[in-house]
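Heads up: the structure comes next, in structure tokens.
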Amino acid sequence: MAQMAGVSRATVSKALNGRNDISLQTRERVLAAVSELEYRPTTTTEVVPSRRAIAVVFDVPASPYILGVLQGVLTATAESGFDLLTRLPPDRRSRTQRAVAHDWVGEQVAAGAVGIIALTLPAPDALIDAASQAGLPFVMVDPVGTSDDRMVSVASSNWAGARTATEHLLALGHRRIAWIGGPEVSVAARDRLYGYQAALDAAGISVDPDLIRADQFAVATGAAHARDLLTLAEPPTAIMTGDDEIAVGVLATAHALGVRVPEDLSVTGFDDTPQAAWTTPPLTTVHQHLDGMGAMAVQTIRVMTEGRDPSSRHVELATSLTVRESTAPLRDVKDS
């Protein structure tokens with residue numbers, strides 16, 4: 001294979017393991033050779049580690065959401081007697097290659113993993129397939145961009161949570177309510193948008209597409225889209241967001257534009273991460289049990305490693321609304 005791709009064996013290894021210290025062109029040559037030769041890595045797994053482990057894989061380790069779920073995973077693995085392996089996945093481009101996914105899963109087995117938990121991991125289908133071939137349970141927390149019907153997942157009641165937050169704003173008198181959410185490939189992001197739309201529909205309010213944004217779960221997303229929304233000829237009186245990080249960006253932009261929260265604008269988040277209580281003003285947000293999701297994922301892996309089917313292939317944990325100072329009744333214009 002190295003000869004066909006015109007590279008060294010070390011470079012082949014880097015390409016198959018998703019290393020980023022080789023050029024895109026070189027990686028593509030190696031992956032083309034993999035496809036042509038129908039190569040399958042032969043990872044050695046004869047050495048059986050003395051302890052069993054669960055591998056948890058994620059793309060964005062600095063996310064408050066990820067850290068919250070990881071806390072639950074860490075506690076539950078310790079209580080269950082598992083070791084915990086934290087892993088970054090192969091890069092997004094190469095993780096869709098079956099040979100790369102097979103090799104990566106083989107490395108986790110060799111390290112002692114008896115199951116894999118993926119946290120909001122995009123494009124996981126090749127990894128799910130490789131884990132299935134290896135007989136390794138694979139659980140997704142908040143699935144993103146997957147169509148594999150073998151998937152087992154853990155999530156929150158995202159639809160209900162977003163609907164509850166929208167109903168809270170409606171009860172405060174808001175009618176022009178904007179939405180800034182996550183990417184459309186995220187099941188959680190879609191369900192939250194649908195919950196927002198359902199509450200507006202039930203209240204007899206037409207959904208205004210000009211007030212809806214779908215982007216990344218990031219502070220910069222909230223900041224950019226809030227500027228667009230708040231400079232409209234008829235700006236919204238409330239902005240709902242798909243997570244707390246987006247909400248932080250909205251609050252920052254509102255402050256920069258001289259828009260007072262909550263006097264001029266109500267803002268809601270989703271997740272109830274620790275930072276939500278420390279924003280200015282403190283953030284009204286949908287609380288989901290992040291640590292509970294992590295613990296449920298571990299419990300599901302444990303059940304599957306015992307040869308049993310999970311009680312449900314798609315578990316949803318309940319959400320609730322935490323009301324803080326970022327939302328207030330709609331003010332009459334005469335009171336402005």
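For the structure tokens, the naming scheme is as follows: chains receive sequential letters (A, B, ...) according to their order of presentation, residues are indexed from 1 within each chain, and ligands are indexed from 1 in presentation order.
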Selection near Val323 of chain A, 12 Å with only C-alpha atoms, sequence-local residues under 6 positions removed, as a PyMOL selection string:
chain A and resi 164-165+168-169+266-270+272+276-277+281-287
Next, the residues of the selection above should be written as a PDB file, in the first residue's frame with N, CA and C atoms.
ATOM      1  N   THR A 164     -41.348  24.254  26.565  1.00  0.00           N
ATOM      2  CA  THR A 164     -41.576  24.865  27.879  1.00  0.00           C
ATOM      3  C   THR A 164     -40.966  26.260  27.951  1.00  0.00           C
ATOM      4  N   ALA A 165     -39.758  26.426  27.424  1.00  0.00           N
ATOM      5  CA  ALA A 165     -39.108  27.741  27.444  1.00  0.00           C
ATOM      6  C   ALA A 165     -39.890  28.740  26.591  1.00  0.00           C
ATOM      7  N   HIS A 168     -42.944  29.842  28.399  1.00  0.00           N
ATOM      8  CA  HIS A 168     -42.569  30.803  29.447  1.00  0.00           C
ATOM      9  C   HIS A 168     -42.531  32.218  28.870  1.00  0.00           C
ATOM     10  N   LEU A 169     -41.922  32.379  27.706  1.00  0.00           N
ATOM     11  CA  LEU A 169     -41.847  33.703  27.079  1.00  0.00           C
ATOM     12  C   LEU A 169     -43.219  34.184  26.628  1.00  0.00           C
ATOM     13  N   SER A 266     -35.615  39.724  26.261  1.00  0.00           N
ATOM     14  CA  SER A 266     -35.500  38.517  27.085  1.00  0.00           C
ATOM     15  C   SER A 266     -34.677  37.475  26.331  1.00  0.00           C
ATOM     16  N   VAL A 267     -33.864  36.718  27.058  1.00  0.00           N
ATOM     17  CA  VAL A 267     -32.967  35.729  26.447  1.00  0.00           C
ATOM     18  C   VAL A 267     -33.063  34.429  27.237  1.00  0.00           C
ATOM     19  N   THR A 268     -33.155  33.300  26.516  1.00  0.00           N
ATOM     20  CA  THR A 268     -33.127  31.989  27.166  1.00  0.00           C
ATOM     21  C   THR A 268     -32.025  31.130  26.562  1.00  0.00           C
ATOM     22  N   GLY A 269     -31.516  30.204  27.368  1.00  0.00           N
ATOM     23  CA  GLY A 269     -30.511  29.248  26.922  1.00  0.00           C
ATOM     24  C   GLY A 269     -31.040  27.828  26.982  1.00  0.00           C
ATOM     25  N   PHE A 270     -30.125  26.891  26.864  1.00  0.00           N
ATOM     26  CA  PHE A 270     -30.488  25.469  26.961  1.00  0.00           C
ATOM     27  C   PHE A 270     -29.256  24.713  27.445  1.00  0.00           C
ATOM     28  N   ASP A 272     -28.332  24.579  30.993  1.00  0.00           N
ATOM     29  CA  ASP A 272     -28.109  24.961  32.395  1.00  0.00           C
ATOM     30  C   ASP A 272     -26.724  24.537  32.859  1.00  0.00           C
ATOM     31  N   ALA A 276     -24.282  29.504  33.287  1.00  0.00           N
ATOM     32  CA  ALA A 276     -25.584  30.159  33.139  1.00  0.00           C
ATOM     33  C   ALA A 276     -25.955  30.978  34.367  1.00  0.00           C
ATOM     34  N   ALA A 277     -25.487  30.546  35.531  1.00  0.00           N
ATOM     35  CA  ALA A 277     -25.800  31.274  36.763  1.00  0.00           C
ATOM     36  C   ALA A 277     -24.915  32.497  36.956  1.00  0.00           C
ATOM     37  N   PRO A 281     -27.352  39.497  32.792  1.00  0.00           N
ATOM     38  CA  PRO A 281     -27.866  38.935  34.037  1.00  0.00           C
ATOM     39  C   PRO A 281     -27.829  37.412  34.006  1.00  0.00           C
ATOM     40  N   PRO A 282     -28.040  36.768  35.158  1.00  0.00           N
ATOM     41  CA  PRO A 282     -28.094  35.301  35.169  1.00  0.00           C
ATOM     42  C   PRO A 282     -29.148  34.785  34.177  1.00  0.00           C
ATOM     43  N   LEU A 283     -28.839  33.648  33.553  1.00  0.00           N
ATOM     44  CA  LEU A 283     -29.583  33.184  32.379  1.00  0.00           C
ATOM     45  C   LEU A 283     -30.734  32.247  32.735  1.00  0.00           C
ATOM     46  N   THR A 284     -31.916  32.571  32.216  1.00  0.00           N
ATOM     47  CA  THR A 284     -33.018  31.608  32.208  1.00  0.00           C
ATOM     48  C   THR A 284     -32.693  30.544  31.168  1.00  0.00           C
ATOM     49  N   THR A 285     -32.765  29.283  31.549  1.00  0.00           N
ATOM     50  CA  THR A 285     -32.312  28.234  30.640  1.00  0.00           C
ATOM     51  C   THR A 285     -33.019  26.917  30.931  1.00  0.00           C
ATOM     52  N   VAL A 286     -33.057  26.065  29.938  1.00  0.00           N
ATOM     53  CA  VAL A 286     -33.625  24.726  30.105  1.00  0.00           C
ATOM     54  C   VAL A 286     -32.575  23.843  30.762  1.00  0.00           C
ATOM     55  N   HIS A 287     -32.939  23.257  31.876  1.00  0.00           N
ATOM     56  CA  HIS A 287     -32.010  22.386  32.603  1.00  0.00           C
ATOM     57  C   HIS A 287     -32.132  20.962  32.090  1.00  0.00           C
TER      58      HIS A 287
END
As a ChimeraX atom specification, please: the residues near Val248 of chain A (cut-off 10 Å, only C-alpha atoms, same-chain neighbours under 4 positions excluded).
/A:218-223,241,243-244,252-254,267-269,275-276,279-280,283
The selected residues should be written to file as a compact mmCIF listing (two decimals), in the first residue's frame (atoms: N, CA and C atoms).
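result.txt was written with the following content:
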# COMPACT_ATOMS: atom_id res chain seq x y z
N ALA A 218 -22.00 27.67 19.58
CA ALA A 218 -20.79 28.44 19.89
C ALA A 218 -21.17 29.86 20.27
N VAL A 219 -20.34 30.48 21.11
CA VAL A 219 -20.56 31.87 21.52
C VAL A 219 -20.60 32.79 20.30
N ALA A 220 -19.67 32.57 19.36
CA ALA A 220 -19.60 33.42 18.17
C ALA A 220 -20.89 33.35 17.36
N THR A 221 -21.54 32.19 17.33
CA THR A 221 -22.81 32.03 16.64
C THR A 221 -23.85 32.97 17.22
N GLY A 222 -23.98 32.96 18.54
CA GLY A 222 -24.96 33.83 19.19
C GLY A 222 -24.66 35.29 18.96
N ALA A 223 -23.38 35.67 19.04
CA ALA A 223 -23.01 37.07 18.87
C ALA A 223 -23.35 37.56 17.47
N THR A 241 -32.26 30.47 22.50
CA THR A 241 -31.05 29.89 21.93
C THR A 241 -30.99 28.39 22.18
N ASP A 243 -28.38 26.59 22.98
CA ASP A 243 -27.58 26.18 24.13
C ASP A 243 -27.06 27.42 24.85
N ASP A 244 -26.45 27.21 26.01
CA ASP A 244 -26.02 28.34 26.83
C ASP A 244 -24.88 29.12 26.20
N ALA A 252 -23.71 39.19 25.02
CA ALA A 252 -22.58 40.08 24.72
C ALA A 252 -22.95 41.10 23.65
N THR A 253 -23.62 40.64 22.60
CA THR A 253 -24.01 41.55 21.52
C THR A 253 -25.07 42.54 22.00
N ALA A 254 -26.03 42.08 22.77
CA ALA A 254 -27.05 42.99 23.31
C ALA A 254 -26.39 44.11 24.12
N VAL A 267 -33.86 36.72 27.06
CA VAL A 267 -32.97 35.73 26.45
C VAL A 267 -33.06 34.43 27.24
N THR A 268 -33.15 33.30 26.52
CA THR A 268 -33.13 31.99 27.17
C THR A 268 -32.02 31.13 26.56
N GLY A 269 -31.52 30.20 27.37
CA GLY A 269 -30.51 29.25 26.92
C GLY A 269 -31.04 27.83 26.98
N GLN A 275 -21.99 28.09 33.89
CA GLN A 275 -21.83 29.49 33.51
C GLN A 275 -23.16 30.23 33.43
N ALA A 276 -24.28 29.50 33.29
CA ALA A 276 -25.58 30.16 33.14
C ALA A 276 -25.96 30.98 34.37
N THR A 279 -23.73 34.57 34.20
CA THR A 279 -23.81 35.59 33.16
C THR A 279 -24.43 36.85 33.75
N THR A 280 -24.40 37.94 32.98
CA THR A 280 -25.01 39.19 33.41
C THR A 280 -26.07 39.60 32.40
N LEU A 283 -28.84 33.65 33.55
CA LEU A 283 -29.58 33.18 32.38
C LEU A 283 -30.73 32.25 32.73
Which residues are close to Arg308 of chain A, i.e. within 12 Å by only C-alpha atoms, leaving aside same-chain residues fewer than 6 positions away? Reply as number ranges by chain.
A: 137, 299-302
How would the residues just picked look written out with C-alpha atoms as a PDB file, in the first residue's frame?
ATOM      1  CA  PRO A 137     -21.441  -1.763  22.333  1.00  0.00           C
ATOM      2  CA  GLN A 299     -25.337   1.968  32.503  1.00  0.00           C
ATOM      3  CA  THR A 300     -26.453   1.137  28.964  1.00  0.00           C
ATOM      4  CA  ILE A 301     -22.941  -0.014  28.026  1.00  0.00           C
ATOM      5  CA  ARG A 302     -22.803  -2.185  31.149  1.00  0.00           C
TER       6      ARG A 302
END
Based on the backbone DSSP call, show me all residues of segment 58-130 of chain A assigned helix (DSSP H, G or I), as an mmCIF file with N, CA and C atoms, in the first residue's frame.
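Written file, result25.cif:
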data_model
loop_
_atom_site.group_PDB
_atom_site.id
_atom_site.type_symbol
_atom_site.label_atom_id
_atom_site.label_comp_id
_atom_site.auth_asym_id
_atom_site.auth_seq_id
_atom_site.Cartn_x
_atom_site.Cartn_y
_atom_site.Cartn_z
ATOM 1 N N PRO A 64 -18.530 23.341 27.876
ATOM 2 C CA PRO A 64 -19.147 23.103 29.187
ATOM 3 C C PRO A 64 -20.137 21.947 29.155
ATOM 4 N N TYR A 65 -20.832 21.800 28.035
ATOM 5 C CA TYR A 65 -21.762 20.672 27.873
ATOM 6 C C TYR A 65 -21.005 19.346 27.959
ATOM 7 N N ILE A 66 -19.919 19.218 27.196
ATOM 8 C CA ILE A 66 -19.136 17.982 27.205
ATOM 9 C C ILE A 66 -18.611 17.700 28.605
ATOM 10 N N LEU A 67 -18.109 18.729 29.274
ATOM 11 C CA LEU A 67 -17.570 18.540 30.624
ATOM 12 C C LEU A 67 -18.651 18.058 31.594
ATOM 13 N N GLY A 68 -19.892 18.561 31.413
ATOM 14 C CA GLY A 68 -20.985 18.125 32.279
ATOM 15 C C GLY A 68 -21.324 16.660 32.076
ATOM 16 N N VAL A 69 -21.387 16.230 30.819
ATOM 17 C CA VAL A 69 -21.672 14.816 30.539
ATOM 18 C C VAL A 69 -20.515 13.936 31.022
ATOM 19 N N LEU A 70 -19.283 14.400 30.804
ATOM 20 C CA LEU A 70 -18.115 13.628 31.233
ATOM 21 C C LEU A 70 -18.094 13.401 32.745
ATOM 22 N N GLN A 71 -18.577 14.380 33.486
ATOM 23 C CA GLN A 71 -18.626 14.209 34.943
ATOM 24 C C GLN A 71 -19.485 13.003 35.313
ATOM 25 N N GLY A 72 -20.628 12.876 34.629
ATOM 26 C CA GLY A 72 -21.490 11.728 34.890
ATOM 27 C C GLY A 72 -20.862 10.428 34.444
ATOM 28 N N VAL A 73 -20.174 10.444 33.299
ATOM 29 C CA VAL A 73 -19.495 9.250 32.799
ATOM 30 C C VAL A 73 -18.413 8.814 33.778
ATOM 31 N N LEU A 74 -17.617 9.774 34.249
ATOM 32 C CA LEU A 74 -16.509 9.465 35.150
ATOM 33 C C LEU A 74 -17.009 8.848 36.450
ATOM 34 N N THR A 75 -18.038 9.443 37.030
ATOM 35 C CA THR A 75 -18.585 8.921 38.288
ATOM 36 C C THR A 75 -19.151 7.519 38.101
ATOM 37 N N ALA A 76 -19.908 7.328 37.015
ATOM 38 C CA ALA A 76 -20.555 6.037 36.787
ATOM 39 C C ALA A 76 -19.550 4.941 36.460
ATOM 40 N N THR A 77 -18.494 5.259 35.715
ATOM 41 C CA THR A 77 -17.501 4.225 35.420
ATOM 42 C C THR A 77 -16.777 3.807 36.682
ATOM 43 N N ALA A 78 -16.469 4.775 37.539
ATOM 44 C CA ALA A 78 -15.794 4.441 38.796
ATOM 45 C C ALA A 78 -16.667 3.538 39.662
ATOM 46 N N GLU A 79 -17.961 3.867 39.729
ATOM 47 C CA GLU A 79 -18.881 3.070 40.553
ATOM 48 C C GLU A 79 -19.101 1.681 39.961
ATOM 49 N N SER A 80 -18.979 1.557 38.644
ATOM 50 C CA SER A 80 -19.224 0.273 37.983
ATOM 51 C C SER A 80 -17.973 -0.585 37.869
ATOM 52 N N ARG A 98 -14.056 3.284 6.067
ATOM 53 C CA ARG A 98 -14.277 2.055 6.840
ATOM 54 C C ARG A 98 -12.979 1.503 7.405
ATOM 55 N N ALA A 99 -11.895 1.570 6.630
ATOM 56 C CA ALA A 99 -10.628 1.026 7.112
ATOM 57 C C ALA A 99 -10.109 1.827 8.297
ATOM 58 N N VAL A 100 -10.232 3.154 8.228
ATOM 59 C CA VAL A 100 -9.790 4.015 9.330
ATOM 60 C C VAL A 100 -10.617 3.738 10.580
ATOM 61 N N ALA A 101 -11.933 3.648 10.401
ATOM 62 C CA ALA A 101 -12.812 3.386 11.536
ATOM 63 C C ALA A 101 -12.508 2.025 12.160
ATOM 64 N N HIS A 102 -12.282 1.019 11.321
ATOM 65 C CA HIS A 102 -11.963 -0.331 11.807
ATOM 66 C C HIS A 102 -10.680 -0.308 12.621
ATOM 67 N N ASP A 103 -9.692 0.408 12.119
ATOM 68 C CA ASP A 103 -8.406 0.482 12.811
ATOM 69 C C ASP A 103 -8.551 1.196 14.155
ATOM 70 N N TRP A 104 -9.308 2.300 14.158
ATOM 71 C CA TRP A 104 -9.491 3.075 15.394
ATOM 72 C C TRP A 104 -10.211 2.242 16.454
ATOM 73 N N VAL A 105 -11.262 1.553 16.054
ATOM 74 C CA VAL A 105 -11.982 0.703 17.006
ATOM 75 C C VAL A 105 -11.070 -0.413 17.511
ATOM 76 N N GLY A 106 -10.270 -0.986 16.605
ATOM 77 C CA GLY A 106 -9.336 -2.025 17.032
ATOM 78 C C GLY A 106 -8.364 -1.534 18.086
ATOM 79 N N GLU A 107 -7.928 -0.288 17.970
ATOM 80 C CA GLU A 107 -7.034 0.286 18.974
ATOM 81 C C GLU A 107 -7.718 0.402 20.330
ATOM 82 N N GLN A 108 -9.005 0.710 20.335
ATOM 83 C CA GLN A 108 -9.727 0.809 21.612
ATOM 84 C C GLN A 108 -9.872 -0.576 22.262
ATOM 85 N N VAL A 109 -10.136 -1.581 21.426
ATOM 86 C CA VAL A 109 -10.222 -2.950 21.952
ATOM 87 C C VAL A 109 -8.883 -3.372 22.543
ATOM 88 N N ALA A 110 -7.799 -3.053 21.843
ATOM 89 C CA ALA A 110 -6.474 -3.416 22.327
ATOM 90 C C ALA A 110 -6.147 -2.722 23.643
ATOM 91 N N ASP A 125 -21.215 7.050 11.577
ATOM 92 C CA ASP A 125 -21.729 5.783 11.066
ATOM 93 C C ASP A 125 -20.651 4.734 10.821
ATOM 94 N N ALA A 126 -19.494 5.153 10.274
ATOM 95 C CA ALA A 126 -18.422 4.177 10.028
ATOM 96 C C ALA A 126 -17.901 3.608 11.338
ATOM 97 N N LEU A 127 -17.839 4.441 12.383
ATOM 98 C CA LEU A 127 -17.398 3.963 13.697
ATOM 99 C C LEU A 127 -18.435 3.020 14.303
ATOM 100 N N ILE A 128 -19.714 3.351 14.150
ATOM 101 C CA ILE A 128 -20.770 2.459 14.649
ATOM 102 C C ILE A 128 -20.674 1.101 13.958
ATOM 103 N N ASP A 129 -20.454 1.117 12.649
ATOM 104 C CA ASP A 129 -20.343 -0.132 11.888
ATOM 105 C C ASP A 129 -19.135 -0.943 12.341
ATOM 106 N N ALA A 130 -17.994 -0.267 12.524
ATOM 107 C CA ALA A 130 -16.780 -0.977 12.948
ATOM 108 C C ALA A 130 -16.951 -1.556 14.345
#
Might you pull out every residue within 10 Å of Leu330 of chain A, with only C-alpha atoms counted and same-chain residues fewer than 5 positions away left off, and present them as a PyMOL selection string?
chain A and resi 169-175+237-238+262-266
Please dump the current selection as a PDB file, in the first residue's frame; keep N, CA, C and O atoms.
ATOM      1  N   LEU A 169     -41.922  32.379  27.706  1.00  0.00           N
ATOM      2  CA  LEU A 169     -41.847  33.703  27.079  1.00  0.00           C
ATOM      3  C   LEU A 169     -43.219  34.184  26.628  1.00  0.00           C
ATOM      4  O   LEU A 169     -43.557  35.373  26.743  1.00  0.00           O
ATOM      5  N   LEU A 170     -44.027  33.268  26.111  1.00  0.00           N
ATOM      6  CA  LEU A 170     -45.380  33.635  25.698  1.00  0.00           C
ATOM      7  C   LEU A 170     -46.201  34.115  26.891  1.00  0.00           C
ATOM      8  O   LEU A 170     -46.956  35.095  26.797  1.00  0.00           O
ATOM      9  N   ALA A 171     -46.034  33.444  28.024  1.00  0.00           N
ATOM     10  CA  ALA A 171     -46.760  33.837  29.236  1.00  0.00           C
ATOM     11  C   ALA A 171     -46.330  35.218  29.721  1.00  0.00           C
ATOM     12  O   ALA A 171     -47.113  35.915  30.383  1.00  0.00           O
ATOM     13  N   LEU A 172     -45.104  35.623  29.370  1.00  0.00           N
ATOM     14  CA  LEU A 172     -44.611  36.951  29.740  1.00  0.00           C
ATOM     15  C   LEU A 172     -45.070  38.024  28.752  1.00  0.00           C
ATOM     16  O   LEU A 172     -44.713  39.197  28.909  1.00  0.00           O
ATOM     17  N   GLY A 173     -45.810  37.624  27.738  1.00  0.00           N
ATOM     18  CA  GLY A 173     -46.360  38.580  26.795  1.00  0.00           C
ATOM     19  C   GLY A 173     -45.597  38.727  25.496  1.00  0.00           C
ATOM     20  O   GLY A 173     -45.999  39.501  24.609  1.00  0.00           O
ATOM     21  N   HIS A 174     -44.497  37.982  25.332  1.00  0.00           N
ATOM     22  CA  HIS A 174     -43.693  38.096  24.109  1.00  0.00           C
ATOM     23  C   HIS A 174     -44.398  37.382  22.959  1.00  0.00           C
ATOM     24  O   HIS A 174     -44.950  36.289  23.135  1.00  0.00           O
ATOM     25  N   ARG A 175     -44.352  37.990  21.795  1.00  0.00           N
ATOM     26  CA  ARG A 175     -44.928  37.378  20.605  1.00  0.00           C
ATOM     27  C   ARG A 175     -43.909  37.312  19.469  1.00  0.00           C
ATOM     28  O   ARG A 175     -43.984  36.415  18.637  1.00  0.00           O
ATOM     29  N   THR A 237     -38.468  40.775  20.551  1.00  0.00           N
ATOM     30  CA  THR A 237     -38.440  41.185  21.963  1.00  0.00           C
ATOM     31  C   THR A 237     -37.856  40.082  22.841  1.00  0.00           C
ATOM     32  O   THR A 237     -37.606  40.297  24.021  1.00  0.00           O
ATOM     33  N   ALA A 238     -37.653  38.905  22.247  1.00  0.00           N
ATOM     34  CA  ALA A 238     -37.050  37.789  22.977  1.00  0.00           C
ATOM     35  C   ALA A 238     -36.248  36.946  21.996  1.00  0.00           C
ATOM     36  O   ALA A 238     -36.630  36.812  20.830  1.00  0.00           O
ATOM     37  N   PRO A 262     -33.099  42.218  31.109  1.00  0.00           N
ATOM     38  CA  PRO A 262     -34.277  41.812  30.316  1.00  0.00           C
ATOM     39  C   PRO A 262     -35.228  42.961  29.970  1.00  0.00           C
ATOM     40  O   PRO A 262     -36.298  42.710  29.440  1.00  0.00           O
ATOM     41  N   GLU A 263     -34.856  44.219  30.292  1.00  0.00           N
ATOM     42  CA  GLU A 263     -35.797  45.323  30.080  1.00  0.00           C
ATOM     43  C   GLU A 263     -36.246  45.439  28.625  1.00  0.00           C
ATOM     44  O   GLU A 263     -37.439  45.637  28.337  1.00  0.00           O
ATOM     45  N   ASP A 264     -35.275  45.344  27.684  1.00  0.00           N
ATOM     46  CA  ASP A 264     -35.594  45.480  26.257  1.00  0.00           C
ATOM     47  C   ASP A 264     -35.657  44.141  25.527  1.00  0.00           C
ATOM     48  O   ASP A 264     -36.267  44.054  24.457  1.00  0.00           O
ATOM     49  N   LEU A 265     -35.003  43.163  26.077  1.00  0.00           N
ATOM     50  CA  LEU A 265     -34.886  41.862  25.399  1.00  0.00           C
ATOM     51  C   LEU A 265     -34.796  40.749  26.427  1.00  0.00           C
ATOM     52  O   LEU A 265     -33.986  40.823  27.363  1.00  0.00           O
ATOM     53  N   SER A 266     -35.615  39.724  26.261  1.00  0.00           N
ATOM     54  CA  SER A 266     -35.500  38.517  27.085  1.00  0.00           C
ATOM     55  C   SER A 266     -34.677  37.475  26.331  1.00  0.00           C
ATOM     56  O   SER A 266     -34.789  37.364  25.103  1.00  0.00           O
TER      57      SER A 266
END
Segment 184-188 of chain A environment, 10 Å, only C-alpha atoms, sequence neighbours closer than 6 positions dropped, as an NGL selection string:
:A and (120-123 or 141-146 or 155-159 or 194 or 214-216 or 242)
Check the smallest atom-to-atom distance from each of A:Leu136, A:Met304, A:Ala318, A:Ala328 to Gln288 of chain A using only C-alpha atoms, then report the winner.
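With only C-alpha atoms as the atom set, the closest residue is A:Ala318.
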So which one's closest to Val154 of chain A, A:Leu232, A:Met296, A:Leu321, A:Val56? Using only C-alpha atoms, please.
A:Met296
Please indicate the distance in Å from atom CA of Val152 of chain A to atom CA of Leu119 of chain A, rounded to one decimal place.
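Atom CA of Val152 of chain A sits 12.3 Å away from atom CA of Leu119 of chain A.
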